[in-house]
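Asker: Mind looking over this structure? Questions follow.
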Amino acid sequence: MNPWIEAARPRTLPLALSCILMGCFLAASTGHFSWAVAGLSVLTTILLQVLSNFANDYGDAVNGKDTELREGPRRAVHSGHIQAGTMLRAIIVFSILALMSGIALLTIALKDTAANTFWVFLGIGIACIIAAITYTAGKRPYGYVGLGDLSVLIFFGWVGVLGSSYLHTHVWNWGLLLPATSCGLFAVGVLNINNIRDIESDKATGKNSIPVRLGREKAIAYHWFILTIGMLCVLIYTIQHFSGYTSLLFLLSFPFFIKNGLAISRLKKASELDPYLKQMALSTLLFVILFGIGTVL
């Protein structure tokens, strides 16, 4: 089971859960919250994240992007621990499981809404599955042309937060775009660290991520831009909806983002950057939990 657990990349799960938890907290602050909806949202998100990780492992291997130059953890398909055909079948299974879980979620969450709302959300869910697979798999993976950052912002930020909040409240609140953008940008930060770490191997294999396109120094400046705008968005939202000093609890997470930015600026070796992927993901989860506590209180 070890190769499968490694291919699932458990350390990415806190990041995937962050946007769902933020949506749940924001819904709870309005007095609308369902444990069933929250539970199925979490399950669906975990299945989608594992699906994405499996597809990434498979796609990079079959497209020749995994080479000995890569500095990150060894991939299951490239290393031969899992055969490509077996991983492809796992991708199909997890696609079906994510779809089933998503349909169960929508059936419960949207039972009292118009029928067209169900179909809109089902379309969004199918788009999530397609995006998870085609990031590195398929004939034209969008991750290889530098569109991964935009996809992460959309799905780990706007769709995750606004979508999960709506499933509880049945109300579109466009004001939530600010905290949703913060959540999405911090997720983009994790991807950017990954791409800075792999910049040399990506350049050699034709994987044109944002750091490959910008160069290392500008990619570091881009990282600071991501962190700064992420922090500003949630600050603006809090000022607009200030309800007491407890709503500022999330500020306790900001030193961890600053520490992350300083480390990415200072460290040069790819192996030294790898721990800061986990640190950034956990910092994002901490931010969401503190923000949620402050919002609910």
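Chain labels follow the order of the structure tokens: the first chain is A, the next B, and so on; residue numbering restarts at 1 in every chain, and ligands are counted from 1 in their shown order.
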Excluding same-chain residues fewer than 4 positions from range 112-125 of chain A, what lies within 12 Å of it counting only C-alpha atoms, as a ChimeraX atom specification?
Answerer: /A:41,44-45,47-48,95-96,98-108,129-132,154-155,158-160,162-164,166-172
Asker: Where does range 214-260 of chain A meet range 187-210 of chain A within 8 Å, residue by residue, with the nearest atom pair and distance in Å to one decimal for each, counting only C-alpha atoms, listed by chain and rising number, as a tab-separated table?
Answerer:
residue	atom	partner	partner_atom	distance
A:Leu214	CA	A:Ile210	CA	6.0
A:Arg216	CA	A:Ile196	CA	6.8
A:Ala219	CA	A:Ile196	CA	7.1
A:His223	CA	A:Gly189	CA	6.3
A:Ile226	CA	A:Gly189	CA	6.4
A:Leu227	CA	A:Gly189	CA	7.1
Asker: Kindly save the residues from that selection, with N, CA, C and O atoms included, as a compact mmCIF listing (two decimals), in the first residue's frame.
Answerer:
# COMPACT_ATOMS: atom_id res chain seq x y z
N LEU A 214 9.06 32.92 -16.11
CA LEU A 214 9.55 34.16 -15.49
C LEU A 214 11.03 34.12 -15.17
O LEU A 214 11.70 35.17 -15.16
N ARG A 216 13.85 32.35 -12.14
CA ARG A 216 13.79 32.14 -10.70
C ARG A 216 13.56 33.43 -9.91
O ARG A 216 12.71 33.47 -9.02
N ALA A 219 10.14 34.72 -10.30
CA ALA A 219 9.19 33.77 -9.69
C ALA A 219 9.13 33.98 -8.18
O ALA A 219 8.07 33.81 -7.57
N HIS A 223 5.99 35.14 -6.00
CA HIS A 223 5.56 34.47 -4.77
C HIS A 223 5.19 35.51 -3.70
O HIS A 223 4.16 35.38 -3.03
N ILE A 226 1.83 36.97 -4.56
CA ILE A 226 0.75 36.07 -4.19
C ILE A 226 0.43 36.20 -2.70
O ILE A 226 -0.73 36.35 -2.30
N LEU A 227 1.48 36.13 -1.87
CA LEU A 227 1.28 36.19 -0.43
C LEU A 227 0.70 37.54 0.00
O LEU A 227 -0.22 37.60 0.82
Asker: Could you check the closest approach to Tyr222 in chain A for each of A:Phe54, A:Gly64, A:Tyr144, A:Ile264 and tell me which residue wins, using only C-alpha atoms?
Answerer: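 Counting only C-alpha atoms, the residue closest to Tyr222 in chain A is A:Ile264.
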Asker: Measuring between only C-alpha atoms, which one of A:Asp149, A:Arg11, A:Ala109, A:Cys183 shows the shortest distance to Val161 in chain A?
Answerer: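 Looking only at the distances to Val161 in chain A, the closest residue turns out to be A:Cys183.
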Asker: So the first atom is CA of Phe242 in chain A and the second is CA of Gly294 in chain A; what is the distance between them in Å, to one decimal place?
Answerer: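 Separating CA of Phe242 in chain A from CA of Gly294 in chain A is a distance of 10.2 Å.
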Asker: I'd like to know which of A:Asp274, A:Phe186, A:Ile236, A:Thr134 is closest to Ile258 in chain A, using only C-alpha atoms.
Answerer: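 When distances to Ile258 in chain A are compared using only C-alpha atoms, the smallest one comes from A:Phe186.
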